[in-house]
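Undergrad: Supplied structure: final.pdb, PDB, C-alpha atoms.
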```
ATOM      1  CA  MET A  10      85.083  94.527 130.558  1.00  0.00           C
ATOM      2  CA  ALA A  11      84.640  94.531 126.790  1.00  0.00           C
ATOM      3  CA  GLU A  12      86.739  92.275 124.622  1.00  0.00           C
ATOM      4  CA  PRO A  13      89.397  94.170 122.590  1.00  0.00           C
ATOM      5  CA  LEU A  14      88.571  94.784 118.945  1.00  0.00           C
ATOM      6  CA  PHE A  15      91.863  93.385 117.678  1.00  0.00           C
ATOM      7  CA  THR A  16      94.123  90.518 118.617  1.00  0.00           C
ATOM      8  CA  PRO A  17      97.753  91.660 119.008  1.00  0.00           C
ATOM      9  CA  GLU A  18      98.507  90.394 115.478  1.00  0.00           C
ATOM     10  CA  GLU A  19      95.474  92.214 114.028  1.00  0.00           C
ATOM     11  CA  GLN A  20      96.468  95.399 115.861  1.00  0.00           C
ATOM     12  CA  LYS A  21      99.922  95.272 114.251  1.00  0.00           C
ATOM     13  CA  LYS A  22      98.369  94.732 110.828  1.00  0.00           C
ATOM     14  CA  PHE A  23      95.907  97.607 111.364  1.00  0.00           C
ATOM     15  CA  ASP A  24      98.587 100.003 112.625  1.00  0.00           C
ATOM     16  CA  ALA A  25     100.958  99.122 109.770  1.00  0.00           C
ATOM     17  CA  GLY A  26      98.194  99.440 107.165  1.00  0.00           C
ATOM     18  CA  ILE A  27      97.047 102.821 108.454  1.00  0.00           C
ATOM     19  CA  ALA A  28     100.647 104.090 108.691  1.00  0.00           C
ATOM     20  CA  GLU A  29     101.280 103.029 105.089  1.00  0.00           C
ATOM     21  CA  ILE A  30      98.124 104.784 103.885  1.00  0.00           C
ATOM     22  CA  ILE A  31      98.813 107.991 105.809  1.00  0.00           C
ATOM     23  CA  SER A  32     102.364 108.104 104.407  1.00  0.00           C
ATOM     24  CA  HIS A  33     100.910 108.809 100.949  1.00  0.00           C
ATOM     25  CA  TYR A  34      99.154 112.032 101.970  1.00  0.00           C
ATOM     26  CA  PRO A  35     100.271 115.413 103.321  1.00  0.00           C
ATOM     27  CA  PRO A  36      99.843 115.727 107.108  1.00  0.00           C
ATOM     28  CA  ASP A  37      96.858 118.061 106.705  1.00  0.00           C
ATOM     29  CA  ARG A  38      95.146 115.678 104.234  1.00  0.00           C
ATOM     30  CA  LYS A  39      95.105 112.401 106.164  1.00  0.00           C
ATOM     31  CA  SER A  40      91.359 112.171 105.623  1.00  0.00           C
ATOM     32  CA  ALA A  41      91.999 111.503 101.919  1.00  0.00           C
ATOM     33  CA  GLY A  42      93.004 107.996 102.965  1.00  0.00           C
ATOM     34  CA  MET A  43      89.517 107.147 104.197  1.00  0.00           C
ATOM     35  CA  LEU A  44      88.591 104.526 101.574  1.00  0.00           C
ATOM     36  CA  PRO A  45      91.794 102.492 101.835  1.00  0.00           C
ATOM     37  CA  ALA A  46      91.750 102.810 105.637  1.00  0.00           C
ATOM     38  CA  LEU A  47      88.228 101.383 105.761  1.00  0.00           C
ATOM     39  CA  ARG A  48      89.398  98.620 103.452  1.00  0.00           C
ATOM     40  CA  VAL A  49      92.219  97.731 105.871  1.00  0.00           C
ATOM     41  CA  LEU A  50      89.745  97.458 108.744  1.00  0.00           C
ATOM     42  CA  GLN A  51      87.341  95.329 106.714  1.00  0.00           C
ATOM     43  CA  GLU A  52      90.112  93.018 105.489  1.00  0.00           C
ATOM     44  CA  ILE A  53      91.095  92.379 109.098  1.00  0.00           C
ATOM     45  CA  LYS A  54      87.656  92.048 110.713  1.00  0.00           C
ATOM     46  CA  GLY A  55      85.457  91.068 107.749  1.00  0.00           C
ATOM     47  CA  TRP A  56      83.232  94.081 108.384  1.00  0.00           C
ATOM     48  CA  LEU A  57      83.371  97.581 109.914  1.00  0.00           C
ATOM     49  CA  PRO A  58      82.521  97.337 113.607  1.00  0.00           C
ATOM     50  CA  PRO A  59      81.649 100.677 115.278  1.00  0.00           C
ATOM     51  CA  GLU A  60      84.777 100.616 117.440  1.00  0.00           C
ATOM     52  CA  GLY A  61      86.860 100.053 114.310  1.00  0.00           C
ATOM     53  CA  LEU A  62      85.218 103.024 112.599  1.00  0.00           C
ATOM     54  CA  ARG A  63      86.146 105.146 115.615  1.00  0.00           C
ATOM     55  CA  LEU A  64      89.779 103.989 115.341  1.00  0.00           C
ATOM     56  CA  VAL A  65      89.894 104.781 111.626  1.00  0.00           C
ATOM     57  CA  ALA A  66      88.408 108.217 112.312  1.00  0.00           C
ATOM     58  CA  LYS A  67      90.926 108.912 115.062  1.00  0.00           C
ATOM     59  CA  SER A  68      93.831 107.811 112.842  1.00  0.00           C
ATOM     60  CA  LEU A  69      92.703 110.086 110.020  1.00  0.00           C
ATOM     61  CA  GLU A  70      91.796 112.956 112.356  1.00  0.00           C
ATOM     62  CA  VAL A  71      88.134 113.087 111.370  1.00  0.00           C
ATOM     63  CA  THR A  72      84.965 112.551 113.368  1.00  0.00           C
ATOM     64  CA  PRO A  73      83.519 109.064 113.772  1.00  0.00           C
ATOM     65  CA  GLU A  74      80.416 110.384 112.041  1.00  0.00           C
ATOM     66  CA  ARG A  75      82.481 111.202 108.943  1.00  0.00           C
ATOM     67  CA  ALA A  76      83.915 107.681 108.849  1.00  0.00           C
ATOM     68  CA  TYR A  77      80.375 106.290 109.157  1.00  0.00           C
ATOM     69  CA  GLU A  78      79.095 108.607 106.384  1.00  0.00           C
ATOM     70  CA  VAL A  79      81.728 107.337 103.975  1.00  0.00           C
ATOM     71  CA  ALA A  80      81.337 103.683 104.989  1.00  0.00           C
ATOM     72  CA  SER A  81      77.555 103.803 104.672  1.00  0.00           C
ATOM     73  CA  PHE A  82      77.706 105.399 101.208  1.00  0.00           C
ATOM     74  CA  TYR A  83      79.586 102.531  99.546  1.00  0.00           C
ATOM     75  CA  VAL A  84      78.032  99.067  99.261  1.00  0.00           C
ATOM     76  CA  MET A  85      81.471  97.453  99.310  1.00  0.00           C
ATOM     77  CA  TYR A  86      81.720  98.180 103.030  1.00  0.00           C
ATOM     78  CA  HIS A  87      79.817  96.061 105.526  1.00  0.00           C
ATOM     79  CA  LEU A  88      78.378  97.864 108.539  1.00  0.00           C
ATOM     80  CA  LYS A  89      76.849  94.622 109.807  1.00  0.00           C
ATOM     81  CA  LYS A  90      78.719  91.358 110.054  1.00  0.00           C
ATOM     82  CA  PRO A  91      78.056  89.573 106.744  1.00  0.00           C
ATOM     83  CA  GLY A  92      77.791  85.877 106.030  1.00  0.00           C
ATOM     84  CA  LYS A  93      80.915  84.045 104.933  1.00  0.00           C
ATOM     85  CA  TYR A  94      79.893  84.570 101.304  1.00  0.00           C
ATOM     86  CA  VAL A  95      78.537  87.943 100.172  1.00  0.00           C
ATOM     87  CA  ILE A  96      76.550  87.480  96.979  1.00  0.00           C
ATOM     88  CA  ASP A  97      75.837  90.656  95.005  1.00  0.00           C
ATOM     89  CA  VAL A  98      73.388  90.115  92.156  1.00  0.00           C
ATOM     90  CA  CYS A  99      73.259  92.779  89.468  1.00  0.00           C
ATOM     91  CA  THR A 100      69.692  93.689  88.526  1.00  0.00           C
ATOM     92  CA  ASN A 101      70.432  96.707  86.371  1.00  0.00           C
ATOM     93  CA  LEU A 102      68.909  96.969  82.904  1.00  0.00           C
ATOM     94  CA  SER A 103      71.210  94.686  80.899  1.00  0.00           C
ATOM     95  CA  CYS A 104      71.210  91.981  83.554  1.00  0.00           C
ATOM     96  CA  SER A 105      67.452  92.294  83.992  1.00  0.00           C
ATOM     97  CA  LEU A 106      66.900  91.803  80.283  1.00  0.00           C
ATOM     98  CA  TRP A 107      68.944  88.590  80.532  1.00  0.00           C
ATOM     99  CA  GLY A 108      67.030  87.191  83.506  1.00  0.00           C
ATOM    100  CA  ALA A 109      68.628  88.660  86.631  1.00  0.00           C
ATOM    101  CA  GLU A 110      65.325  88.850  88.520  1.00  0.00           C
ATOM    102  CA  LYS A 111      64.682  85.151  87.908  1.00  0.00           C
ATOM    103  CA  MET A 112      68.239  84.384  88.970  1.00  0.00           C
ATOM    104  CA  LEU A 113      67.768  86.422  92.161  1.00  0.00           C
ATOM    105  CA  ALA A 114      64.471  84.662  92.904  1.00  0.00           C
ATOM    106  CA  TYR A 115      66.188  81.307  92.345  1.00  0.00           C
ATOM    107  CA  LEU A 116      68.949  82.282  94.779  1.00  0.00           C
ATOM    108  CA  GLU A 117      66.417  83.480  97.346  1.00  0.00           C
ATOM    109  CA  GLU A 118      64.649  80.126  97.165  1.00  0.00           C
ATOM    110  CA  LYS A 119      67.843  78.063  97.164  1.00  0.00           C
ATOM    111  CA  LEU A 120      69.493  79.976 100.049  1.00  0.00           C
ATOM    112  CA  GLY A 121      66.329  80.591 102.066  1.00  0.00           C
ATOM    113  CA  LEU A 122      67.066  84.327 102.137  1.00  0.00           C
ATOM    114  CA  LYS A 123      65.498  87.399 100.612  1.00  0.00           C
ATOM    115  CA  ALA A 124      67.735  90.045  99.033  1.00  0.00           C
ATOM    116  CA  GLY A 125      69.059  92.197 101.860  1.00  0.00           C
ATOM    117  CA  GLU A 126      69.124  89.317 104.360  1.00  0.00           C
ATOM    118  CA  ALA A 127      71.981  87.308 105.786  1.00  0.00           C
ATOM    119  CA  ASN A 128      72.789  84.249 107.836  1.00  0.00           C
ATOM    120  CA  GLU A 129      76.183  82.950 108.978  1.00  0.00           C
ATOM    121  CA  LYS A 130      76.987  81.491 105.572  1.00  0.00           C
ATOM    122  CA  PHE A 131      75.445  83.906 103.056  1.00  0.00           C
ATOM    123  CA  THR A 132      74.592  87.553 102.608  1.00  0.00           C
ATOM    124  CA  LEU A 133      72.378  88.069  99.558  1.00  0.00           C
ATOM    125  CA  ARG A 134      72.200  91.540  98.074  1.00  0.00           C
ATOM    126  CA  GLU A 135      70.716  93.116  94.973  1.00  0.00           C
ATOM    127  CA  THR A 136      73.076  95.638  93.411  1.00  0.00           C
ATOM    128  CA  GLU A 137      72.691  98.198  90.684  1.00  0.00           C
ATOM    129  CA  CYS A 138      75.558  97.474  88.321  1.00  0.00           C
ATOM    130  CA  LEU A 139      78.654  95.306  88.238  1.00  0.00           C
ATOM    131  CA  ALA A 140      79.900  96.712  84.909  1.00  0.00           C
ATOM    132  CA  SER A 141      79.377  93.505  82.974  1.00  0.00           C
ATOM    133  CA  CYS A 142      76.604  94.513  80.605  1.00  0.00           C
ATOM    134  CA  GLY A 143      78.024  92.543  77.679  1.00  0.00           C
ATOM    135  CA  THR A 144      78.111  89.306  79.684  1.00  0.00           C
ATOM    136  CA  ALA A 145      74.871  89.564  81.632  1.00  0.00           C
ATOM    137  CA  PRO A 146      73.515  88.299  83.920  1.00  0.00           C
ATOM    138  CA  CYS A 147      76.284  88.509  86.470  1.00  0.00           C
ATOM    139  CA  LEU A 148      76.990  88.470  90.171  1.00  0.00           C
ATOM    140  CA  GLN A 149      79.886  88.730  92.560  1.00  0.00           C
ATOM    141  CA  ILE A 150      80.683  86.454  95.465  1.00  0.00           C
ATOM    142  CA  ASN A 151      83.173  88.050  97.847  1.00  0.00           C
ATOM    143  CA  GLU A 152      84.427  90.195  94.976  1.00  0.00           C
ATOM    144  CA  ASP A 153      84.878  87.219  92.625  1.00  0.00           C
ATOM    145  CA  HIS A 154      83.042  88.096  89.436  1.00  0.00           C
ATOM    146  CA  HIS A 155      80.842  85.555  87.592  1.00  0.00           C
ATOM    147  CA  GLU A 156      79.318  86.310  84.187  1.00  0.00           C
ATOM    148  CA  SER A 157      76.985  84.852  81.556  1.00  0.00           C
ATOM    149  CA  LEU A 158      75.170  82.951  84.273  1.00  0.00           C
ATOM    150  CA  THR A 159      72.648  80.182  83.876  1.00  0.00           C
ATOM    151  CA  ARG A 160      71.005  78.096  86.594  1.00  0.00           C
ATOM    152  CA  ALA A 161      73.471  75.308  85.891  1.00  0.00           C
ATOM    153  CA  LYS A 162      76.457  77.654  86.224  1.00  0.00           C
ATOM    154  CA  LEU A 163      74.967  79.119  89.382  1.00  0.00           C
ATOM    155  CA  ASP A 164      74.427  75.654  90.879  1.00  0.00           C
ATOM    156  CA  ALA A 165      78.035  74.733  90.102  1.00  0.00           C
ATOM    157  CA  ILE A 166      79.336  77.928  91.722  1.00  0.00           C
ATOM    158  CA  LEU A 167      77.226  77.386  94.845  1.00  0.00           C
ATOM    159  CA  ALA A 168      78.286  73.728  95.064  1.00  0.00           C
ATOM    160  CA  LYS A 169      81.917  74.861  95.346  1.00  0.00           C
ATOM    161  CA  LEU A 170      80.986  77.033  98.330  1.00  0.00           C
ATOM    162  CA  SER A 171      79.502  74.190 100.345  1.00  0.00           C
TER     163      SER A 171
END
```
Write the structure described by the file as structure tokens, please.

TA:
Amino acid sequence: MAEPLFTPEEQKKFDAGIAEIISHYPPDRKSAGMLPALRVLQEIKGWLPPEGLRLVAKSLEVTPERAYEVASFYVMYHLKKPGKYVIDVCTNLSCSLWGAEKMLAYLEEKLGLKAGEANEKFTLRETECLASCGTAPCLQINEDHHESLTRAKLDAILAKLS
């Protein structure tokens, strides 16, 4: 028999979170709560497991395929279990002009991962824009934003994660 998706405490948190979200929408518009509902699931599990997507879909009265479509569109949602630290490196124009590709290559070497790969500790991703063009290059680690990066700053940030 398969292990349940949620512990009893997680189930309570999920149910309460979904109920709160649904309360903000008319009964025939529950699906409008898709993004925050996915966020609740990810905050609890750290990613969006398929069974969790099915539960979100059922709660919002949409198909599981619709929940997957939305989740797969946004990079903020993890459809595979990520490492403990998700590192998103901006390589858009402004960051590129300030050395983002070199910074990404340095991270790949230091972490032993290529962009798009993960291990238990790190997920390294290249992203299009983190809206920090005036303080490039930048990256995010688990949604914590870091700007005006140099190798020294990057080393100091990574040292805190160890």

Undergrad: For the file shown, what are the residues hit by the PyMOL selection byres ((chain A and resi 27) around 9), laid out as an NGL selection string?

TA: :A and (22-26 or 28-32 or 42 or 45-46 or 49 or 65 or 68-69)

Undergrad: Step by step, work through what the PyMOL selection byres ((chain A and resi 77-85) around 12) selects in the shown file, and finish by giving those residues as a ChimeraX atom specification.

TA: /A:40-48,50-52,55-66,71-76,86-89,91,95-97,125,134-139,149-152

Undergrad: Give me the residues within 7 Å of stretch 105-114 of chain A as a PyMOL selection string, counting all atoms listed in the file and dropping any in the same chain fewer than 6 places off.

TA: chain A and resi 98-99+145-146

Undergrad: Could you tell me how far atom CA of A:Gly92 sits from atom CA of A:Ser141, in Å to one decimal place?

TA: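 These two atoms are separated by 24.3 Å.
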
Undergrad: Could you tell me which residues the PyMOL selection byres ((chain A and resi 157) around 10) returns for this structure, as a PyMOL selection string?

TA: chain A and resi 104+107+141-148+155-156+158-159+162-163

Undergrad: Would you work out the distance separating atom CA of A:His154 from atom CA of A:Leu120, expressed in Å to one decimal?

TA: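 Taking atom CA of A:His154 as the start and atom CA of A:Leu120 as the end point, the length is 19.0 Å.
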
Undergrad: Given all atoms listed in the file as the basis, pick out the residue of A:Ile53, A:Tyr94, A:Thr16, A:Lys123 nearest to A:Asp153.

TA: A:Tyr94

Undergrad: Just how far from atom CA of A:Leu133 is atom CA of A:Glu117, in Å to one decimal?

TA: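 The value is 7.8 Å.
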
Undergrad: Name the closest residue to A:Glu18 among the candidates A:Phe131, A:Gly121, A:Lys67, A:Lys54; distances are taken between atoms, counting all atoms listed in the file.

TA: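 The closest residue to A:Glu18 is A:Lys54.
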